[in-house]
$ cat data29.txt   # compact mmCIF, C-alpha atoms
# COMPACT_ATOMS: atom_id res chain seq x y z
CA MET A 1 -5.60 -10.63 5.30
CA GLY A 2 -9.04 -10.24 3.76
CA CYS A 3 -12.10 -11.70 5.44
CA PRO A 4 -13.92 -14.60 3.73
CA GLU A 5 -17.19 -12.69 3.29
CA THR A 6 -17.58 -9.39 1.45
CA GLU A 7 -20.14 -8.06 3.94
CA TYR A 8 -21.10 -8.82 7.51
CA ASN A 9 -24.53 -8.15 9.00
CA LEU A 10 -24.14 -8.81 12.73
CA ARG A 11 -27.57 -8.85 14.40
CA THR A 12 -26.87 -10.68 17.67
CA GLN A 13 -24.03 -11.03 20.16
CA ALA A 14 -23.54 -14.59 18.94
CA MET A 15 -23.06 -13.33 15.38
CA VAL A 16 -20.53 -10.75 16.57
CA ASP A 17 -18.66 -13.41 18.54
CA ALA A 18 -18.52 -15.60 15.42
CA PHE A 19 -16.69 -12.98 13.36
CA PRO A 20 -13.60 -14.68 11.87
CA GLN A 21 -10.41 -14.01 13.79
CA ASN A 22 -8.00 -14.81 10.97
CA CYS A 23 -8.76 -11.66 8.95
CA ASP A 24 -8.39 -7.91 9.40
CA SER A 25 -10.14 -6.30 6.41
CA VAL A 26 -13.63 -6.42 4.91
CA LEU A 27 -14.27 -5.30 1.33
CA GLY A 28 -17.88 -4.24 1.84
CA ASP A 29 -20.13 -3.17 4.72
CA ILE A 30 -20.12 -4.14 8.34
CA VAL A 31 -23.43 -3.63 10.17
CA VAL A 32 -23.61 -4.10 13.93
CA GLU A 33 -27.26 -3.88 14.95
CA GLY A 34 -28.91 -5.87 17.73
CA SER A 35 -30.57 -5.19 21.06
CA ASP A 36 -28.60 -7.92 22.85
CA ILE A 37 -25.17 -6.83 21.60
CA THR A 38 -23.06 -5.72 24.58
CA ASN A 39 -19.58 -5.69 23.03
CA VAL A 40 -17.70 -5.87 19.73
CA ASP A 41 -14.64 -7.59 21.13
CA ALA A 42 -14.52 -10.08 18.26
CA LEU A 43 -13.73 -7.21 15.86
CA ALA A 44 -10.48 -6.41 17.64
CA ASN A 45 -8.29 -7.45 14.68
CA LEU A 46 -10.15 -5.30 12.18
CA THR A 47 -8.01 -2.63 10.49
CA SER A 48 -10.12 -1.56 7.49
CA VAL A 49 -13.69 -1.58 6.19
CA GLY A 50 -13.98 -1.12 2.44
CA ASP A 51 -17.46 0.36 2.46
CA ASP A 52 -19.80 1.48 5.27
CA LEU A 53 -19.39 0.78 8.97
CA LYS A 54 -22.78 1.00 10.64
CA ILE A 55 -23.14 0.70 14.40
CA ARG A 56 -26.79 1.36 15.12
CA GLY A 57 -29.71 0.33 17.26
CA ASN A 58 -27.60 -1.36 19.93
CA SER A 59 -29.37 -0.47 23.15
CA SER A 60 -26.95 -2.41 25.39
CA LEU A 61 -23.62 -1.40 23.82
CA THR A 62 -21.66 0.91 26.15
CA ASN A 63 -18.37 1.21 24.24
CA ILE A 64 -16.57 0.23 21.05
CA ASP A 65 -13.09 0.01 22.53
CA ALA A 66 -12.37 -3.20 20.63
CA LEU A 67 -12.14 -1.22 17.37
CA ALA A 68 -8.80 0.25 18.43
CA ASN A 69 -6.98 -1.23 15.41
CA LEU A 70 -9.35 0.25 12.84
CA THR A 71 -7.61 2.84 10.66
CA SER A 72 -9.85 3.37 7.60
CA VAL A 73 -13.47 3.27 6.46
CA GLY A 74 -13.91 3.43 2.68
CA GLY A 75 -17.58 4.32 2.87
CA ALA A 76 -19.51 6.15 5.59
CA LEU A 77 -19.24 5.81 9.35
CA ASN A 78 -22.71 5.60 10.86
CA ILE A 79 -23.15 5.61 14.65
CA ASN A 80 -26.87 5.93 15.31
CA SER A 81 -29.35 5.13 18.08
CA ASN A 82 -27.04 3.44 20.56
CA ALA A 83 -28.75 4.45 23.79
CA ALA A 84 -26.04 3.33 26.25
CA LEU A 85 -22.96 4.32 24.25
CA THR A 86 -21.05 6.93 26.28
CA ASN A 87 -18.00 7.43 24.05
CA ILE A 88 -16.38 6.34 20.80
CA ASP A 89 -12.82 6.30 22.09
CA GLY A 90 -12.30 2.95 20.40
CA LEU A 91 -11.95 4.83 17.10
CA ALA A 92 -8.86 6.71 18.24
CA ASN A 93 -6.67 5.20 15.50
CA LEU A 94 -9.15 5.88 12.71
CA THR A 95 -7.55 8.33 10.27
CA LYS A 96 -9.67 8.04 7.12
CA VAL A 97 -13.42 8.13 6.50
CA VAL A 98 -14.17 8.58 2.80
CA GLN A 99 -17.92 8.91 2.37
CA GLY A 100 -19.12 10.82 5.41
CA LEU A 101 -19.94 10.76 9.12
CA GLU A 102 -23.34 10.30 10.73
CA ILE A 103 -23.61 10.46 14.52
CA ASN A 104 -27.27 10.62 15.46
CA SER A 105 -29.57 9.88 18.42
CA ASN A 106 -27.03 8.43 20.85
CA ALA A 107 -28.63 9.50 24.11
CA SER A 108 -25.63 8.92 26.43
CA LEU A 109 -22.80 10.04 24.14
CA THR A 110 -20.95 12.94 25.79
CA ASN A 111 -18.11 13.54 23.30
CA ILE A 112 -16.68 12.36 19.99
CA ASP A 113 -13.02 12.64 20.94
CA GLY A 114 -12.42 9.24 19.38
CA LEU A 115 -12.49 10.94 15.96
CA ALA A 116 -9.57 13.22 16.76
CA ASN A 117 -7.25 11.55 14.25
CA VAL A 118 -9.67 11.74 11.34
CA ALA A 119 -7.98 14.42 9.25
CA GLY A 120 -8.39 16.07 5.88
CA SER A 121 -11.72 15.75 4.09
CA THR A 122 -14.73 13.47 3.85
CA SER A 123 -16.27 13.01 0.35
CA GLY A 124 -19.80 12.83 1.72
CA ILE A 125 -21.88 14.40 4.50
CA LEU A 126 -21.39 15.27 8.14
CA GLU A 127 -24.42 14.85 10.39
CA ILE A 128 -24.48 15.20 14.17
CA ASN A 129 -28.09 15.22 15.31
CA ASN A 130 -30.15 14.61 18.45
CA ASN A 131 -27.40 13.46 20.79
CA ALA A 132 -28.89 14.65 24.07
CA ALA A 133 -25.75 14.42 26.24
CA LEU A 134 -23.15 15.62 23.70
CA THR A 135 -21.34 18.66 25.12
CA ASN A 136 -18.71 19.32 22.43
CA ILE A 137 -17.49 18.20 19.02
CA ASP A 138 -13.81 18.87 19.61
CA GLY A 139 -13.00 15.48 18.13
CA LEU A 140 -13.48 16.98 14.66
CA ALA A 141 -10.69 19.53 15.12
CA ASN A 142 -8.54 18.03 12.35
CA LEU A 143 -11.31 17.88 9.75
CA THR A 144 -10.72 20.51 7.04
CA ARG A 145 -13.37 19.82 4.38
CA VAL A 146 -16.87 18.39 4.04
CA ALA A 147 -17.69 17.62 0.43
CA GLY A 148 -21.44 17.33 0.94
CA PHE A 149 -23.84 18.95 3.37
CA LEU A 150 -23.13 19.67 7.03
CA LYS A 151 -25.95 19.35 9.52
CA ILE A 152 -25.76 19.79 13.30
CA GLN A 153 -29.19 19.80 14.84
CA GLY A 154 -31.01 19.14 18.11
CA ASN A 155 -28.06 18.53 20.44
CA ALA A 156 -29.45 20.04 23.62
CA ALA A 157 -26.27 19.88 25.74
CA LEU A 158 -23.86 21.09 23.05
CA THR A 159 -22.07 24.21 24.29
CA ASN A 160 -20.01 25.24 21.25
CA LEU A 161 -18.93 24.34 17.72
CA ASP A 162 -15.23 25.05 18.24
CA GLY A 163 -14.43 21.62 16.84
CA LEU A 164 -15.27 22.92 13.37
CA ALA A 165 -12.78 25.78 13.47
CA SER A 166 -10.43 24.05 11.01
CA LEU A 167 -13.07 23.62 8.31
CA THR A 168 -12.12 25.47 5.14
CA SER A 169 -15.05 24.45 2.93
CA VAL A 170 -18.45 22.78 2.83
CA GLY A 171 -19.55 21.49 -0.55
CA GLY A 172 -23.29 21.50 0.15
CA ASP A 173 -25.79 23.13 2.49
CA LEU A 174 -24.96 24.14 6.07
CA LEU A 175 -27.66 23.70 8.73
CA ILE A 176 -27.08 24.55 12.39
CA SER A 177 -30.35 24.41 14.30
CA GLY A 178 -31.92 23.51 17.63
CA ASN A 179 -28.71 23.36 19.64
CA ASP A 180 -30.17 25.40 22.47
CA ASN A 181 -26.97 26.12 24.38
CA ALA A 182 -24.38 26.23 21.60
CA SER A 183 -22.25 29.20 20.59
CA CYS A 184 -20.86 29.23 17.08
CA GLU A 185 -17.65 31.28 16.96
CA GLY A 186 -15.97 28.23 15.47
CA LEU A 187 -17.91 28.77 12.25
CA ALA A 188 -16.92 32.41 11.73
CA LEU A 189 -14.00 31.86 9.37
CA LEU A 190 -15.97 29.35 7.31
CA LEU A 191 -18.71 31.97 6.99
CA GLY A 192 -16.25 34.54 5.62
CA TRP A 193 -15.45 36.61 8.70
CA PRO A 194 -15.33 39.58 8.92
CA SER A 195 -17.56 40.45 5.95
CA GLY A 196 -19.48 37.19 5.61
CA PRO A 197 -21.18 35.97 2.43
CA PRO A 198 -20.37 36.04 -0.43
CA ASP A 199 -16.87 35.65 1.02
CA ASP A 200 -17.91 32.42 2.75
CA ASP A 201 -16.76 28.90 1.90
CA VAL A 202 -20.12 27.16 1.86
CA ALA A 203 -21.29 26.09 -1.59
CA GLY A 204 -24.97 25.68 -0.71
CA ASP A 205 -27.56 27.40 1.47
CA ILE A 206 -26.72 28.48 5.02
CA THR A 207 -29.31 28.15 7.80
CA ILE A 208 -28.38 29.07 11.39
CA VAL A 209 -31.38 29.33 13.74
CA SER A 210 -32.61 28.43 17.24
CA ASN A 211 -29.25 27.88 18.90
CA GLY A 212 -27.52 29.53 21.87
CA SER A 213 -26.67 33.20 22.22
CA GLY A 214 -24.74 34.55 19.25
CA CYS A 215 -25.70 31.62 17.05
CA ASN A 216 -29.03 32.47 15.50
CA SER A 217 -27.96 34.04 12.22
CA ILE A 218 -24.89 34.55 10.09
CA ALA A 219 -24.62 38.11 11.39
CA GLU A 220 -24.64 36.96 15.03
CA VAL A 221 -21.90 34.41 14.42
CA LEU A 222 -19.68 36.96 12.68
CA ALA A 223 -20.25 39.48 15.47
CA SER A 224 -19.40 36.93 18.16
CA TYR A 225 -15.96 36.14 16.77
CA THR A 226 -12.86 37.88 18.08
CA SER A 227 -9.67 37.50 16.08
CA PRO A 228 -6.71 36.33 18.17
CA ILE A 229 -4.72 39.22 16.65
CA THR A 230 -6.33 42.66 16.91
CA PRO A 231 -4.57 45.25 14.73
CA PRO A 232 -4.04 48.75 16.21
CA THR A 233 -6.70 51.13 14.95
CA THR A 234 -5.67 54.62 16.16
CA PRO A 235 -2.39 56.56 15.76
CA SER A 236 -1.81 56.28 19.51
CA ASP A 237 -2.37 52.49 19.42
CA ARG A 238 -0.01 52.14 16.47
CA PHE A 239 2.67 54.24 18.20
CA ASN A 240 2.42 52.18 21.40
CA ALA A 241 2.61 48.94 19.43
CA LEU A 242 5.70 50.18 17.58
CA LEU A 243 7.32 51.33 20.84
CA GLN A 244 6.72 47.93 22.43
CA ALA A 245 8.23 46.18 19.42
CA VAL A 246 11.35 48.40 19.57
CA GLN A 247 11.75 47.84 23.30
CA ALA A 248 11.39 44.08 22.84
CA THR A 249 14.05 44.13 20.11
CA ARG A 250 16.45 46.18 22.25
CA GLY A 251 15.85 43.87 25.19
CA ALA A 252 16.74 40.84 23.12
CA GLY A 253 19.92 42.58 21.88
CA ASP A 254 21.01 43.54 25.40
CA SER A 255 20.46 39.94 26.52
CA GLN A 256 22.61 38.58 23.71
CA GLN A 257 25.42 41.06 24.49
CA ALA A 258 25.34 40.10 28.15
CA GLN A 259 25.62 36.43 27.28
CA ALA A 260 28.55 37.12 24.91
CA ALA A 261 30.35 39.05 27.64
$ encode --input "data29.txt" --output "C-alpha cells"
Amino acid sequence: MGCPETEYNLRTQAMVDAFPQNCDSVLGDIVVEGSDITNVDALANLTSVGDDLKIRGNSSLTNIDALANLTSVGGALNINSNAALTNIDGLANLTKVVQGLEINSNASLTNIDGLANVAGSTSGILEINNNAALTNIDGLANLTRVAGFLKIQGNAALTNLDGLASLTSVGGDLLISGNDNASCEGLALLLGWPSGPPDDDVAGDITIVSNGSGCNSIAEVLASYTSPITPPTTPSDRFNALLQAVQATRGAGDSQQAQAA
C-alpha cells in the first residue's frame, strides 16, 4: 500500500517515529537526517522507495536493521556521514538500486555486506569514499555494471577491491585513489587483463594512484593478477599436463569397472 505523502524528510527521532505504519511504499524520496536519530524502527514495513533513499548526517545512528523488508530503491542510495554506523546489514534484502550508490564518510563502518543481494547494474554512479574503518567491499560481489563513474577514494583501512571482481563494465571514469593499504587484483579483468587498455571495459578515463602495493597504476594492477588457470608454456609442461589428464581418465574408468563388477 502506498504511503500518503510522496516524500518524507525525517529530521528528528520524533519525525521518524511518526512515519505511517499502514503503508509500505513511497513514490519519492526518503531522507533520514538528524543528530538525535538513534533508530529507524518505524520504517520496518517499508518495501520500496520510488526515488532516492538518503541516510546522512545521523551521528547517533548505529544500525539500520529495521530496513530488513526493503527490496528496491528507484533512485540512488546515499549513506553518508553517519559517524556511529558500524554496518548496513539491514539492507540484506535489497536487490535493486537504479540510480547509483554513494557510501561516504561513515567513520565506523567496517563492511558493506548488507549490499550482497544487490545484483546486475546501477544506472548511475558508485562512490565509496573516506570511510576510515572500511576493510573490504565484498558486499558488491554481485554487481556487474556501473553505468556512470566509479570512484573509490580515501578509505584508509581498505585492504582489497576483490568485491569488484564481477564488474564487466564502467560507463564513465574510474578513479581509485588514496586507499593506502588496498590491493587491486579485483580490477584486473575490468582493465583488460592481460594486455590492458584499449582492451579494457571502462568508457572514460582511468586513474589509479596512491593506493597499496600493486595498485598505483594500470600496469601494476595487471601485473599483480594471477589467473586461476595457468596454461602450460613449455613442451615438458604440456606433456606432463597431458599425462596427468590421461591418468585421471584411466583412473575414473578403472573405478567404474570396479563398481560394475
$ closest_residue --input "data29.txt" --among "A:Ile37, A:Ile176, A:Leu53, A:Leu161" --to "Glu7 in chain A" --atoms "only C-alpha atoms"
A:Leu53
$ residues_around --input "data29.txt" --residues "range 195-209 of chain A" --least-positions-apart "6" --cutoff "9 Å" --atoms "all atoms listed in the file" --output "count of residues only"
22
$ axis_aligned_box --input "data29.txt" --around "range 82-100 of chain A" --padding-each-side "5 Å" --output "lines of an AutoDock Vina configuration file"
center_x = -17.7
center_y = 6.9
center_z = 14.3
size_x = 32.1
size_y = 17.9
size_z = 33.9
$ residues_around --input "data29.txt" --residues "range 143-148 of chain A" --least-positions-apart "6" --cutoff "9 Å" --atoms "all atoms listed in the file" --output "NGL selection string"
:A and (99-100 or 116-126 or 163-173)
$ residues_near_point --input "data29.txt" --point "(-22.2, 7.7, 11.3)" --cutoff "6 Å" --atoms "all atoms listed in the file" --output "number ranges by chain"
A: 77-79, 101-103
$ atom_distance --input "data29.txt" --atom1 "CA of Ala83 in chain A" --atom2 "CA of Leu46 in chain A"
24.0 Å
